[in-house]
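Student: Take this structure first; my questions come after.
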Amino acid sequence: MFHSRLRSLSRLMISLILAAGLAGLAGAAKAQDKRQNAPGEFDFYVLSLSWSPSFCEEAAERGGRSQMQCGGRPYAFVVHGLWPQYENGFPEYCQRPAPRLNRNIVSSMLDLMPAPGLIFNEWDKHGTCSGLEGRGYFETIRKARAAIKIPAEYLDLSQAKTVAPAEVEEAFIKANPGLNNAAVSVTCNRTRLSEVRICLSKDLQFRACDEIERRACRRDQVTMPPIRGG
């Protein structure tokens, strides 16, 4: 009798475990967009603007740095990327191998994205999901960046500045008519501001999105290292 009950209990536990596993798989399948990684099939863009001094300080702490970005000309906000997004989740590496990127395109983008490795990586991971050819994708990045005005207080930051993420958001909102809190967020690492991310429709108009808020900085204050070469 005891062994019979034990076997019944074991079968019940196995059934519960299998049911939980199937439920988890179903949830994961539901969370994954059905268009997953189909080039050109996405809902909106996120323009990611990286605070270059933070990147350079973090790179130096890791024992490496991008000489082009961190060694000479001082950079403030630079373009990290323009990322196709779904309402939930995002596509990536939509063509493997990625179509070859013309080096003339790379050279033409160095004023906005000051590292060839960054440009190649953004094309492979995100550009191939845009449905555009290389030149068209990077022209779209340039148009998106031109649509954003950087707040004056961040153009020539000569001393480290302690800021609240909400303060940075509000500065961008004030400088860009039509932008609101639902379309912009700030990311950070342990102590430094990392990026400002802005949601744009496919025709590069500001639009609300929940996706970027999930990765937003949760700290009360962060540091913006000063702009300097090296």
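All residue names refer to the structure tokens as shown: chains lettered A, B, ... in order, residues numbered from 1 in each chain, ligands numbered from 1 in order.
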Ser194 of chain A: which residues within 6 Å, counting only C-alpha atoms, same-chain residues fewer than 3 positions away excluded, as a PDB file with all heavy atoms, in the first residue's frame?
Tutor:
```
ATOM      1  N   SER A  50      24.687  57.464 -26.716  1.00  0.00           N
ATOM      2  CA  SER A  50      25.598  57.093 -25.638  1.00  0.00           C
ATOM      3  C   SER A  50      26.388  58.309 -25.160  1.00  0.00           C
ATOM      4  O   SER A  50      26.893  59.095 -25.975  1.00  0.00           O
ATOM      5  CB  SER A  50      26.562  56.005 -26.149  1.00  0.00           C
ATOM      6  OG  SER A  50      27.590  55.750 -25.212  1.00  0.00           O
ATOM      7  N   TRP A  51      26.480  58.450 -23.823  1.00  0.00           N
ATOM      8  CA  TRP A  51      27.325  59.512 -23.268  1.00  0.00           C
ATOM      9  C   TRP A  51      28.766  59.034 -23.347  1.00  0.00           C
ATOM     10  O   TRP A  51      29.212  58.208 -22.569  1.00  0.00           O
ATOM     11  CB  TRP A  51      26.922  59.844 -21.835  1.00  0.00           C
ATOM     12  CG  TRP A  51      27.706  60.970 -21.242  1.00  0.00           C
ATOM     13  CD1 TRP A  51      28.564  60.886 -20.191  1.00  0.00           C
ATOM     14  CD2 TRP A  51      27.726  62.337 -21.664  1.00  0.00           C
ATOM     15  NE1 TRP A  51      29.132  62.124 -19.925  1.00  0.00           N
ATOM     16  CE2 TRP A  51      28.622  63.041 -20.825  1.00  0.00           C
ATOM     17  CE3 TRP A  51      27.076  63.045 -22.679  1.00  0.00           C
ATOM     18  CZ2 TRP A  51      28.877  64.404 -20.963  1.00  0.00           C
ATOM     19  CZ3 TRP A  51      27.341  64.406 -22.829  1.00  0.00           C
ATOM     20  CH2 TRP A  51      28.220  65.073 -21.968  1.00  0.00           C
ATOM     21  N   THR A 187      19.490  55.245 -19.359  1.00  0.00           N
ATOM     22  CA  THR A 187      20.081  54.043 -18.777  1.00  0.00           C
ATOM     23  C   THR A 187      21.374  54.422 -18.055  1.00  0.00           C
ATOM     24  O   THR A 187      21.965  55.473 -18.309  1.00  0.00           O
ATOM     25  CB  THR A 187      20.387  52.972 -19.837  1.00  0.00           C
ATOM     26  OG1 THR A 187      21.448  53.431 -20.702  1.00  0.00           O
ATOM     27  CG2 THR A 187      19.152  52.658 -20.670  1.00  0.00           C
ATOM     28  N   CYS A 188      21.792  53.559 -17.164  1.00  0.00           N
ATOM     29  CA  CYS A 188      22.995  53.838 -16.383  1.00  0.00           C
ATOM     30  C   CYS A 188      23.663  52.526 -16.004  1.00  0.00           C
ATOM     31  O   CYS A 188      23.075  51.448 -16.125  1.00  0.00           O
ATOM     32  CB  CYS A 188      22.640  54.622 -15.114  1.00  0.00           C
ATOM     33  SG  CYS A 188      21.509  53.759 -13.993  1.00  0.00           S
TER      34      CYS A 188
END
```
Student: With the cut-off set at 12 Å and counting only C-alpha atoms, tabulate each residue of segment 147-212 of chain A with an atom at most that distance from an atom of segment 66-82 of chain A, showing the nearest atom pair and its distance in Å to one decimal, ordered by chain and increasing number, as JSON lines.
Tutor:
```
{"residue": "A:Ile148", "atom": "CA", "partner": "A:Val79", "partner_atom": "CA", "distance": 11.1}
{"residue": "A:Lys149", "atom": "CA", "partner": "A:Phe77", "partner_atom": "CA", "distance": 10.8}
{"residue": "A:Ile150", "atom": "CA", "partner": "A:Phe77", "partner_atom": "CA", "distance": 7.9}
{"residue": "A:Pro151", "atom": "CA", "partner": "A:Phe77", "partner_atom": "CA", "distance": 10.4}
{"residue": "A:Ala152", "atom": "CA", "partner": "A:Ala76", "partner_atom": "CA", "distance": 11.3}
{"residue": "A:Glu153", "atom": "CA", "partner": "A:Ala76", "partner_atom": "CA", "distance": 10.9}
{"residue": "A:Tyr154", "atom": "CA", "partner": "A:Ala76", "partner_atom": "CA", "distance": 7.2}
{"residue": "A:Leu155", "atom": "CA", "partner": "A:Ala76", "partner_atom": "CA", "distance": 6.4}
{"residue": "A:Asp156", "atom": "CA", "partner": "A:Ala76", "partner_atom": "CA", "distance": 7.5}
{"residue": "A:Leu157", "atom": "CA", "partner": "A:Ala76", "partner_atom": "CA", "distance": 8.0}
{"residue": "A:Ser158", "atom": "CA", "partner": "A:Ala76", "partner_atom": "CA", "distance": 10.5}
{"residue": "A:Leu193", "atom": "CA", "partner": "A:Phe77", "partner_atom": "CA", "distance": 11.0}
{"residue": "A:Ser194", "atom": "CA", "partner": "A:Phe77", "partner_atom": "CA", "distance": 9.8}
{"residue": "A:Glu195", "atom": "CA", "partner": "A:Phe77", "partner_atom": "CA", "distance": 8.2}
{"residue": "A:Val196", "atom": "CA", "partner": "A:Phe77", "partner_atom": "CA", "distance": 8.7}
{"residue": "A:Arg197", "atom": "CA", "partner": "A:Leu82", "partner_atom": "CA", "distance": 9.5}
{"residue": "A:Ile198", "atom": "CA", "partner": "A:Leu82", "partner_atom": "CA", "distance": 9.5}
{"residue": "A:Cys199", "atom": "CA", "partner": "A:Leu82", "partner_atom": "CA", "distance": 9.6}
{"residue": "A:Leu200", "atom": "CA", "partner": "A:Leu82", "partner_atom": "CA", "distance": 9.4}
{"residue": "A:Ser201", "atom": "CA", "partner": "A:Leu82", "partner_atom": "CA", "distance": 11.4}
{"residue": "A:Lys202", "atom": "CA", "partner": "A:Leu82", "partner_atom": "CA", "distance": 10.9}
{"residue": "A:Leu204", "atom": "CA", "partner": "A:Leu82", "partner_atom": "CA", "distance": 10.6}
```
Student: For the residues selected in the previous step, produce a file with N, CA and C atoms as a short mmCIF file (atom, residue, chain, number, x, y, z; two decimals), in the first residue's frame.
Tutor:
```cif
data_model
loop_
_atom_site.label_atom_id
_atom_site.label_comp_id
_atom_site.auth_asym_id
_atom_site.auth_seq_id
_atom_site.Cartn_x
_atom_site.Cartn_y
_atom_site.Cartn_z
N ILE A 148 17.02 65.11 -33.45
CA ILE A 148 17.14 65.26 -32.00
C ILE A 148 18.08 66.41 -31.67
N LYS A 149 17.61 67.32 -30.84
CA LYS A 149 18.46 68.42 -30.36
C LYS A 149 19.00 68.04 -28.99
N ILE A 150 20.32 68.08 -28.84
CA ILE A 150 20.95 67.81 -27.55
C ILE A 150 20.80 69.04 -26.67
N PRO A 151 20.33 68.90 -25.43
CA PRO A 151 20.21 70.06 -24.54
C PRO A 151 21.53 70.81 -24.40
N ALA A 152 21.47 72.13 -24.37
CA ALA A 152 22.67 72.96 -24.37
C ALA A 152 23.61 72.63 -23.22
N GLU A 153 23.07 72.26 -22.07
CA GLU A 153 23.91 72.02 -20.90
C GLU A 153 24.80 70.79 -21.03
N TYR A 154 24.54 69.96 -22.05
CA TYR A 154 25.34 68.75 -22.23
C TYR A 154 26.28 68.83 -23.44
N LEU A 155 26.33 69.97 -24.08
CA LEU A 155 27.15 70.10 -25.28
C LEU A 155 28.62 70.30 -24.96
N ASP A 156 28.91 70.93 -23.85
CA ASP A 156 30.31 71.24 -23.51
C ASP A 156 30.50 71.11 -22.00
N LEU A 157 30.29 69.91 -21.51
CA LEU A 157 30.35 69.66 -20.07
C LEU A 157 31.81 69.52 -19.65
N SER A 158 32.34 70.55 -19.01
CA SER A 158 33.76 70.57 -18.68
C SER A 158 34.08 70.00 -17.30
N LEU A 193 25.80 57.78 -15.89
CA LEU A 193 24.80 57.79 -16.96
C LEU A 193 25.40 57.11 -18.19
N SER A 194 24.66 56.21 -18.79
CA SER A 194 25.15 55.50 -19.97
C SER A 194 24.56 56.05 -21.26
N GLU A 195 23.21 56.03 -21.37
CA GLU A 195 22.58 56.38 -22.63
C GLU A 195 21.27 57.10 -22.41
N VAL A 196 20.87 57.85 -23.43
CA VAL A 196 19.52 58.36 -23.56
C VAL A 196 18.90 57.64 -24.76
N ARG A 197 17.73 57.05 -24.55
CA ARG A 197 17.07 56.29 -25.61
C ARG A 197 15.73 56.92 -25.95
N ILE A 198 15.50 57.11 -27.23
CA ILE A 198 14.31 57.83 -27.71
C ILE A 198 13.58 56.96 -28.72
N CYS A 199 12.27 56.82 -28.53
CA CYS A 199 11.46 56.00 -29.43
C CYS A 199 10.96 56.83 -30.60
N LEU A 200 11.10 56.26 -31.78
CA LEU A 200 10.71 56.92 -33.02
C LEU A 200 9.90 55.96 -33.89
N SER A 201 8.89 56.50 -34.55
CA SER A 201 8.15 55.70 -35.51
C SER A 201 9.04 55.41 -36.72
N LYS A 202 8.54 54.59 -37.61
CA LYS A 202 9.32 54.26 -38.80
C LYS A 202 9.59 55.49 -39.66
N LEU A 204 10.24 58.32 -38.28
CA LEU A 204 11.11 59.10 -37.41
C LEU A 204 10.38 60.22 -36.66
#
```
Student: Taking the chain letters and numbering used in this document, name the residues of segment 44-204 of chain A that DSSP puts in strand (DSSP E or B), as a PyMOL selection string.
Tutor: chain A and resi 44-51+77-85+161-163+184-188+192-200
Student: Could you name the residues that touch Gly178 of chain A at 12 Å or less, counting only C-alpha atoms, but leaving out those on the same chain fewer than 3 positions away, as an NGL selection string?
Tutor: :A and (147-149 or 172-175 or 181-184 or 198-200 or 205-208)
Student: If you count only C-alpha atoms, which residues fall within 8 Å of segment 216-218 of chain A, apart from same-chain ones fewer than 2 positions away, as a VMD selection string?
Tutor: chain A and resid 165 185 to 189 212 to 214 220
Student: List as a PyMOL selection string the protein and nucleic acid residues near segment 113-129 of chain A, meaning an atom at most 8 Å away when only C-alpha atoms are counted, but skip any in the same chain fewer than 3 places from it.
Tutor: chain A and resi 37-41+66+68-69+78-84+91-95+98-99+101+106-107+109-110+132-134+137
Student: Calculated over only C-alpha atoms, which of the candidates A:Arg192, A:Arg219, A:Arg228, A:Arg135 has the smallest distance to Arg103 of chain A?
Tutor: A:Arg135
